[in-house]
Number of protein chains: 4
Amino acid sequence: MPNSFGKLFTVTTWGESHGPAVGVVVDGCPPRLPLGVEEIQLELNRRRPGQSDIVTQRKEEDRVEIVSGLFEGRTTGAPISMLVRATDARPGAYDDMREKFRPSHADYTYQAKYGIRDHRGGGRSSARETIGRVAGGAVARKILALAGGVEICAYVTRIHDIAVPEEAIDHFPTLAEVEATPVRCPHGPTAERMIARIKEARSAGDSVGGVIHCRIRGVPPGLGEPVFDRLEADLAKAMLSLPATKGFEIGSGFAGTLLKGSEHNDAFHMRGGTVRTVTNRSGGVQGGISNGEEIAFNVGFKPTATILKEQDTVTIHGEDTQLEARGRHDPCVVPRAVPIVEAMAALVLVDHWMRNAAQNQLFKF
Amino acid sequence: MPNSFGKLFTVTTWGESHGPAVGVVVDGCPPRLPLGVEEIQLELNRRRPGQSDIVTQRKEEDRVEIVSGLFEGRTTGAPISMLVRATDARPGAYDDMREKFRPSHADYTYQAKYGIRDHRGGGRSSARETIGRVAGGAVARKILALAGGVEICAYVTRIHDIAVPEEAIDHFPTLAEVEATPVRCPHGPTAERMIARIKEARSAGDSVGGVIHCRIRGVPPGLGEPVFDRLEADLAKAMLSLPATKGFEIGSGFAGTLLKGSEHNDAFHMRGGTVRTVTNRSGGVQGGISNGEEIAFNVGFKPTATILKEQDTVTIHGEDTQLEARGRHDPCVVPRAVPIVEAMAALVLVDHWMRNAAQNQLFKF
Amino acid sequence: MPNSFGKLFTVTTWGESHGPAVGVVVDGCPPRLPLGVEEIQLELNRRRPGQSDIVTQRKEEDRVEIVSGLFEGRTTGAPISMLVRATDARPGAYDDMREKFRPSHADYTYQAKYGIRDHRGGGRSSARETIGRVAGGAVARKILALAGGVEICAYVTRIHDIAVPEEAIDHFPTLAEVEATPVRCPHGPTAERMIARIKEARSAGDSVGGVIHCRIRGVPPGLGEPVFDRLEADLAKAMLSLPATKGFEIGSGFAGTLLKGSEHNDAFHMRGGTVRTVTNRSGGVQGGISNGEEIAFNVGFKPTATILKEQDTVTIHGEDTQLEARGRHDPCVVPRAVPIVEAMAALVLVDHWMRNAAQNQLFKF
Amino acid sequence: MPNSFGKLFTVTTWGESHGPAVGVVVDGCPPRLPLGVEEIQLELNRRRPGQSDIVTQRKEEDRVEIVSGLFEGRTTGAPISMLVRATDARPGAYDDMREKFRPSHADYTYQAKYGIRDHRGGGRSSARETIGRVAGGAVARKILALAGGVEICAYVTRIHDIAVPEEAIDHFPTLAEVEATPVRCPHGPTAERMIARIKEARSAGDSVGGVIHCRIRGVPPGLGEPVFDRLEADLAKAMLSLPATKGFEIGSGFAGTLLKGSEHNDAFHMRGGTVRTVTNRSGGVQGGISNGEEIAFNVGFKPTATILKEQDTVTIHGEDTQLEARGRHDPCVVPRAVPIVEAMAALVLVDHWMRNAAQNQLFKF
């Protein structure tokens, strides 16, 4: 099931960029969870286009409807089906794409794999597919918050070469701090420079990428499975399954490979009656299992592939040609990806939470 | 099944560091594949300890036995069960570990998750578990080679801060070039400096990490599933499921996030009658699906957690204490991880190859 | 994923009896399959209520909408999402059910499992859930017909104690023959007696059950996996997952256990240049794998649990009470179950067809 | 993974009839379960050949070895690998089978599916594969007994046409009662007649089949998932995955289809402060979920396909021929299948127990 994610808490997304609707089915949600459609909408509003002047000006409302799985304000254990109808599709804007493969998009590979493709707006490969992820992730976050007091906070730490100064963010940011600027960087001075850089790129018909950092606190020790389904392995898969991602690193990441063991190891000590680490280069995960410290990872996003410049490409008939994009596009996807990164992290954590419950409820001695 | 990997071509590994044996069951292997035990042994010899003076001097032969799934030199479609008996265990060397958690190892998290742990040599969290992966991966490589002419080549590009100069490796290296030095870096002058650095670390009772680069050629366009089971997502999960890994990047990776879209996009053109990209910043994957170019990714390994220095830690009874490792350890796991990275890549590719076959055989029109 | 069925061709159903809609997501459908909404509608019309005077008189149109996965009349490889909006719900008819558990329904067990339940019309346990199965099954049937010329024909062989005489049906019935009477028994004289028996039961406020026989021809040898995923095991699961089913038997079934080996074995001989069996007590499957003969199995359905008589039961507060059903119900579910049995059989077969393709495409030597 | 069974508690079996060993990997076993090799051996002894004079006289000891997953007498959460080495193989006895397909065996279908087969003793299709199921099932039974006081009791109710008189078994039989005779029918007078019938068949070089009834008590309400993974659906799959099975029925089964709804429904009443049913035609499962009553089902087994009479068949080269079996075979597999049926039932129940735990631990309000 290539369109499903999660073993016990499973989301299955469906829908194309210019189809009548996109949606998600959440299967395995625990019963009796209080849930309202407005909680889902809140998260969708954070990812929707047209929120600010640095993102695409498509005017989608992305109004979600829940059509199953709730009864009198609570989940019932039945699958939760949610969908968002399309309202602002302009398929005409994509006529060129029927004949020509857009560079660094999925046009050619879809054609090669399937022998057919819905070219309008990228079809299934469109970032519009992530609506289902965010809706499903909103349910997962509610569970984590209620069941365990878990908080997930992602934010932008670099756009192109403009990075938040090391250690500038000395506390776990609040949602308000992240949402204070449209670029979702909680460090004000850097945020301003980032916004300027994005506008610059847009004016030049170009695009930029960047890095999102994600921190999670409140996760108890013991989540994650050893060997293949390590917590960091499932987080890596979740993040690399997002459009435009090129890299993932947990804890000290690639920089950590420059340290010696004696510099890198996280010593244990007792703190507040609990086993804690003095440093957190492990990023909250050891041997694939959470150790109770903050989970921290980075995700790298490439510059948006759609640019308003002429590019070399080929036609579906195998002839060299040129292509120049039109239409309304994000000059930088990174700010809008913040709630999506959080949603995917929530999906991974709830799934492992449930797997852990399955294994540890039987023998409590 | 946390100890299984792959949807159609599945490996299930089992065994602990100091148990009587470790092994793997390969389920879903296509029938009629010619296969001999010596082909498996060859790959196991590349990962086994004691190969050179820069790795651990444990004297395991790692002699593999195939106990099912073969008939007269070919696979039958039945599960292939392989096992390696232990010969050089010295459990006495680990008595200290029963009481104390080793920093940046999985001791504490296993105890937190399971309430019980086999402390001897790390039990299930030991790198000895990767024997099963390499044995299963050897079968996968054979399939890829025979069915598609796919070649997988991983090698070390950085140890600590000693890196292969950019562009020094200007061709797809041969196995002989990689195996020419025990550090598995095909650039001779750099390899020598890397070896010296590892010996330095070992003399100081310390450890170092590094980066492995993996290149794969011969993969046809069309492998990988859009949305969640993207080829790069599954590769990321595979690599982050390996002990000691901290990061994964595909194609241009984190460095690519510093480029603009106009610099980063891979233009298409016709070459040899085929759709090809002029550059390969995508790393052979677009929209989650292979595009026929070389697949290229990096994996970052932290410095080995076991060091021969006193470290702060706590006991299983919650008291602060110190621990100093004894025994025979790798001062750097990176060279021995090369065949393991290749094995995991092969497992991912065969699985997607078979998934693709399932979907595309029905309607060839 | 308790609401998903199939490994490679997967349907996920969602929706409750009195929710705003019910639906299905089909994931893994091969690309390039010509498919129209009217083909789905045709199958749904066969299962919908109000078709004749021996089934429930609820007036649902069950009009299906396809909201993803199709492009210009063909599947694209993307998930196919289909939904049916509710139009004739009368929730008031079920107020009693909020407080009282209906005997031999799922009311009590849902409450016990989830601690909450949507009591209206049985909520998720309603037979309305099978709309999604039939819609997904229609896609599967189209694939089987186009890719392999496979035909699936189910029909009613017994209602209560009125059974088709042994050997009365001497050929593979056509759809027209099955649909000739509302009871879906292709043997005319028996059909008339069955209809009378159902009307009798309805007049008495009672209900009856029966047996459906299903025959499948055109399946090539080699479908099904040995050991756990045997073709008959997956068929058994598919059938026992249907509401009101109590039994499954393949080939000679329970009656076959009364024969001796020398009477039961299916001798092989060459016929038309192919290996064939002289008899077919195996029911088309040997060792879990199709042998090219007709696949034949029976499914037993209990009498409908809803009857218009007073019955003893208990309240959700644990008090003894009585309950008398009102509303519009099927006095016998068996005729309407015919297209559902066919749908489930189609889902099992397509899935195994694809699994087989995955395994056998690599080495054709 | 066709050789795996179970979603959270998974067994993967491997091995061929005449290979060096057969075995199983149990993945997902909860940690801290006290377990000894002798508990596994006890169940294997019940299924092994040579136990009595009515089963095959092959002299396999079936001595099991546990090579991973245990530490100081308890499970650790790591996979449990168990294997049994072969000791009494006589491959020479099967030379004929290389060239000729045995009627009603899996020889032809394996050849058709895989294009290759290990003909010796049926290879992977041999009942010897069930050793792994019984070993894995023994772990599952231990969990059910310790965690929930669940008892599983299967026994033979019919051999050929000799059946236990209705209601003759008026209590839940003890293991001693079942094991009192080699035919595993706890009703003494019937057991004697069954044994005579089996010996008769054996003398005639023929074979017989029969029916096993399985009863399970102590299962709390709430196990099983609605829709596809119903408890009876998973039991049906488990049973039909066993060699030689032709049918499955739960509760009233096929006989129940002859009753009217008013006769068949299980009225609820309060008993001992709990919701109970007055009758148990549902067989302990309603809407796919256990209701706290005894779970009861039947499994039908065909007569053994191997008979010592000449039979018509064809060669692998497509020529008509005759075949006459030699060697040591069971004239009736039903008695030896009793512990295997129990093992499969245990595997299904533990898996659903863990799935239930996963879903219900999060919100206890």
# chains A, B, ... in the order shown; residues from 1 in each chain; ligands from 1

call {"tool": "select_by_dssp", "arguments": {"residues": "region 100-157 of chain B", "states": "strand (DSSP E)", "output": "list in words"}}
result
Glu151, Ile152, Cys153, Ala154, Tyr155, Val156 and Thr157 of chain B

call {"tool": "closest_atom_pairs", "arguments": {"of": "chain D", "to": "chain B", "cutoff": "6 Å", "atoms": "only C-alpha atoms", "output": "JSON lines"}}
result
{"residue": "D:Met1", "atom": "CA", "partner": "B:Asp27", "partner_atom": "CA", "distance": 6.0}
{"residue": "D:Trp14", "atom": "CA", "partner": "B:Pro79", "partner_atom": "CA", "distance": 5.6}
{"residue": "D:Gly15", "atom": "CA", "partner": "B:Ser68", "partner_atom": "CA", "distance": 5.0}
{"residue": "D:Pro20", "atom": "CA", "partner": "B:Val67", "partner_atom": "CA", "distance": 5.7}
{"residue": "D:Asp27", "atom": "CA", "partner": "B:Met1", "partner_atom": "CA", "distance": 6.0}
{"residue": "D:Pro31", "atom": "CA", "partner": "B:Tyr114", "partner_atom": "CA", "distance": 5.8}
{"residue": "D:Val67", "atom": "CA", "partner": "B:Pro20", "partner_atom": "CA", "distance": 5.7}
{"residue": "D:Ser68", "atom": "CA", "partner": "B:Gly15", "partner_atom": "CA", "distance": 5.0}
{"residue": "D:Phe71", "atom": "CA", "partner": "B:Asp118", "partner_atom": "CA", "distance": 5.9}
{"residue": "D:Pro79", "atom": "CA", "partner": "B:Trp14", "partner_atom": "CA", "distance": 5.6}
{"residue": "D:Tyr114", "atom": "CA", "partner": "B:Pro31", "partner_atom": "CA", "distance": 5.8}
{"residue": "D:Asp118", "atom": "CA", "partner": "B:Phe71", "partner_atom": "CA", "distance": 5.9}

call {"tool": "write_last_selection", "arguments": {"atoms": "N, CA and C atoms", "output": "CSV table (one decimal), in the first residue's frame"}}
result
chain,number,residue,atom,x,y,z
D,1,MET,N,4.8,-11.6,2.7
D,1,MET,CA,5.5,-12.7,3.4
D,1,MET,C,4.6,-13.9,3.5
D,14,TRP,N,10.1,-22.0,8.3
D,14,TRP,CA,10.9,-22.3,7.1
D,14,TRP,C,11.3,-23.8,7.2
D,15,GLY,N,11.7,-24.3,6.1
D,15,GLY,CA,12.2,-25.6,6.0
D,15,GLY,C,11.4,-26.6,5.2
D,20,PRO,N,17.9,-30.1,5.8
D,20,PRO,CA,18.7,-30.3,7.1
D,20,PRO,C,17.9,-30.0,8.4
D,27,ASP,N,8.4,-13.3,16.1
D,27,ASP,CA,8.7,-11.9,16.3
D,27,ASP,C,7.6,-11.2,17.0
D,31,PRO,N,8.1,-9.1,26.2
D,31,PRO,CA,9.2,-9.4,27.0
D,31,PRO,C,8.8,-9.9,28.4
D,67,VAL,N,17.5,-20.8,19.7
D,67,VAL,CA,18.8,-20.2,19.5
D,67,VAL,C,18.9,-18.7,19.7
D,68,SER,N,17.7,-18.1,20.0
D,68,SER,CA,17.7,-16.7,20.3
D,68,SER,C,16.5,-16.2,21.1
D,71,PHE,N,16.7,-15.0,27.7
D,71,PHE,CA,17.9,-14.6,28.6
D,71,PHE,C,17.5,-15.0,30.0
D,79,PRO,N,13.5,-11.5,18.7
D,79,PRO,CA,12.9,-12.6,18.0
D,79,PRO,C,13.4,-13.9,18.6
D,114,TYR,N,6.3,-22.4,-9.6
D,114,TYR,CA,7.7,-22.0,-9.4
D,114,TYR,C,8.6,-22.5,-10.6
D,118,ASP,N,11.3,-29.0,-4.9
D,118,ASP,CA,12.0,-30.0,-4.1
D,118,ASP,C,11.0,-31.1,-3.9

call {"tool": "residues_around", "arguments": {"residues": "Arg281 (chain D)", "least_positions_apart": "4", "cutoff": "9 Å", "atoms": "only C-alpha atoms", "output": "VMD selection string"}}
result
(chain C and resid 104) or (chain D and resid 250 to 253 256 264 to 266)

call {"tool": "residues_around", "arguments": {"residues": "Ala325 (chain C)", "least_positions_apart": "4", "cutoff": "8 Å", "atoms": "only C-alpha atoms", "output": "ChimeraX atom specification"}}
result
/C:306-310

call {"tool": "write_last_selection", "arguments": {"atoms": "N, CA and C atoms", "output": "mmCIF file, in the first residue's frame"}}
result
data_model
loop_
_atom_site.group_PDB
_atom_site.id
_atom_site.type_symbol
_atom_site.label_atom_id
_atom_site.label_comp_id
_atom_site.auth_asym_id
_atom_site.auth_seq_id
_atom_site.Cartn_x
_atom_site.Cartn_y
_atom_site.Cartn_z
ATOM 1 N N THR C 306 -31.976 -9.560 12.797
ATOM 2 C CA THR C 306 -33.107 -8.664 13.077
ATOM 3 C C THR C 306 -34.416 -9.351 12.732
ATOM 4 N N ILE C 307 -35.272 -9.568 13.727
ATOM 5 C CA ILE C 307 -36.594 -10.157 13.500
ATOM 6 C C ILE C 307 -37.624 -9.280 14.190
ATOM 7 N N LEU C 308 -38.850 -9.337 13.669
ATOM 8 C CA LEU C 308 -39.883 -8.455 14.211
ATOM 9 C C LEU C 308 -40.681 -9.178 15.300
ATOM 10 N N LYS C 309 -39.953 -9.757 16.217
ATOM 11 C CA LYS C 309 -40.552 -10.433 17.368
ATOM 12 C C LYS C 309 -39.871 -9.928 18.627
ATOM 13 N N GLU C 310 -40.568 -10.021 19.715
ATOM 14 C CA GLU C 310 -39.972 -9.607 20.978
ATOM 15 C C GLU C 310 -38.911 -10.614 21.409
#

call {"tool": "residues_around", "arguments": {"residues": "region 33-46 of chain C", "least_positions_apart": "6", "cutoff": "8 Å", "atoms": "only C-alpha atoms", "output": "list of chain:residue names"}}
result
B:Phe363, C:Asp62, C:Arg63, C:Val64, C:Glu65, C:Ile66, C:Leu70, C:Gly73, C:Arg74, C:Thr75, C:Thr76, C:Ile131, C:Val134, C:Ala135, C:Ala138, C:Val139, C:Lys142, C:Ile143, C:Arg336, C:Pro339

call {"tool": "write_last_selection", "arguments": {"atoms": "C-alpha atoms", "output": "compact mmCIF listing (two decimals), in the first residue's frame"}}
result
# COMPACT_ATOMS: atom_id res chain seq x y z
CA PHE B 363 -1.62 -4.23 -18.76
CA ASP C 62 -26.35 4.15 -3.70
CA ARG C 63 -25.05 6.48 -6.40
CA VAL C 64 -21.24 6.17 -6.52
CA GLU C 65 -18.79 9.02 -7.18
CA ILE C 66 -15.14 8.42 -8.15
CA LEU C 70 -8.80 8.11 -12.97
CA GLY C 73 -11.02 7.05 -18.60
CA ARG C 74 -8.08 5.04 -17.36
CA THR C 75 -6.53 4.28 -13.99
CA THR C 76 -3.23 6.02 -13.33
CA ILE C 131 -20.78 -0.99 -0.47
CA VAL C 134 -18.49 -4.18 -3.94
CA ALA C 135 -17.10 -0.98 -5.48
CA ALA C 138 -15.85 -4.20 -9.39
CA VAL C 139 -12.41 -2.83 -10.20
CA LYS C 142 -12.54 -5.72 -14.50
CA ILE C 143 -8.85 -6.50 -14.13
CA ARG C 336 -28.15 -9.59 -1.77
CA PRO C 339 -22.51 -9.81 -5.58

call {"tool": "residues_around", "arguments": {"residues": "Lys59 (chain A)", "least_positions_apart": "6", "cutoff": "9 Å", "atoms": "only C-alpha atoms", "output": "list in words"}}
result
Arg48, Pro49, Gly50, Thr87 and Asp88 of chain A

call {"tool": "residues_around", "arguments": {"residues": "Gly209 (chain B)", "least_positions_apart": "6", "cutoff": "8 Å", "atoms": "only C-alpha atoms", "output": "ChimeraX atom specification"}}
result
/A:257-260 /B:159-160,300-304,332-334

call {"tool": "select_by_dssp", "arguments": {"residues": "region 60-296 of chain D", "states": "alpha helix (DSSP H)", "output": "PyMOL selection string"}}
result
chain D and resi 95-99+107-114+130-148+175-179+188-203+231-240+253-256+261-264
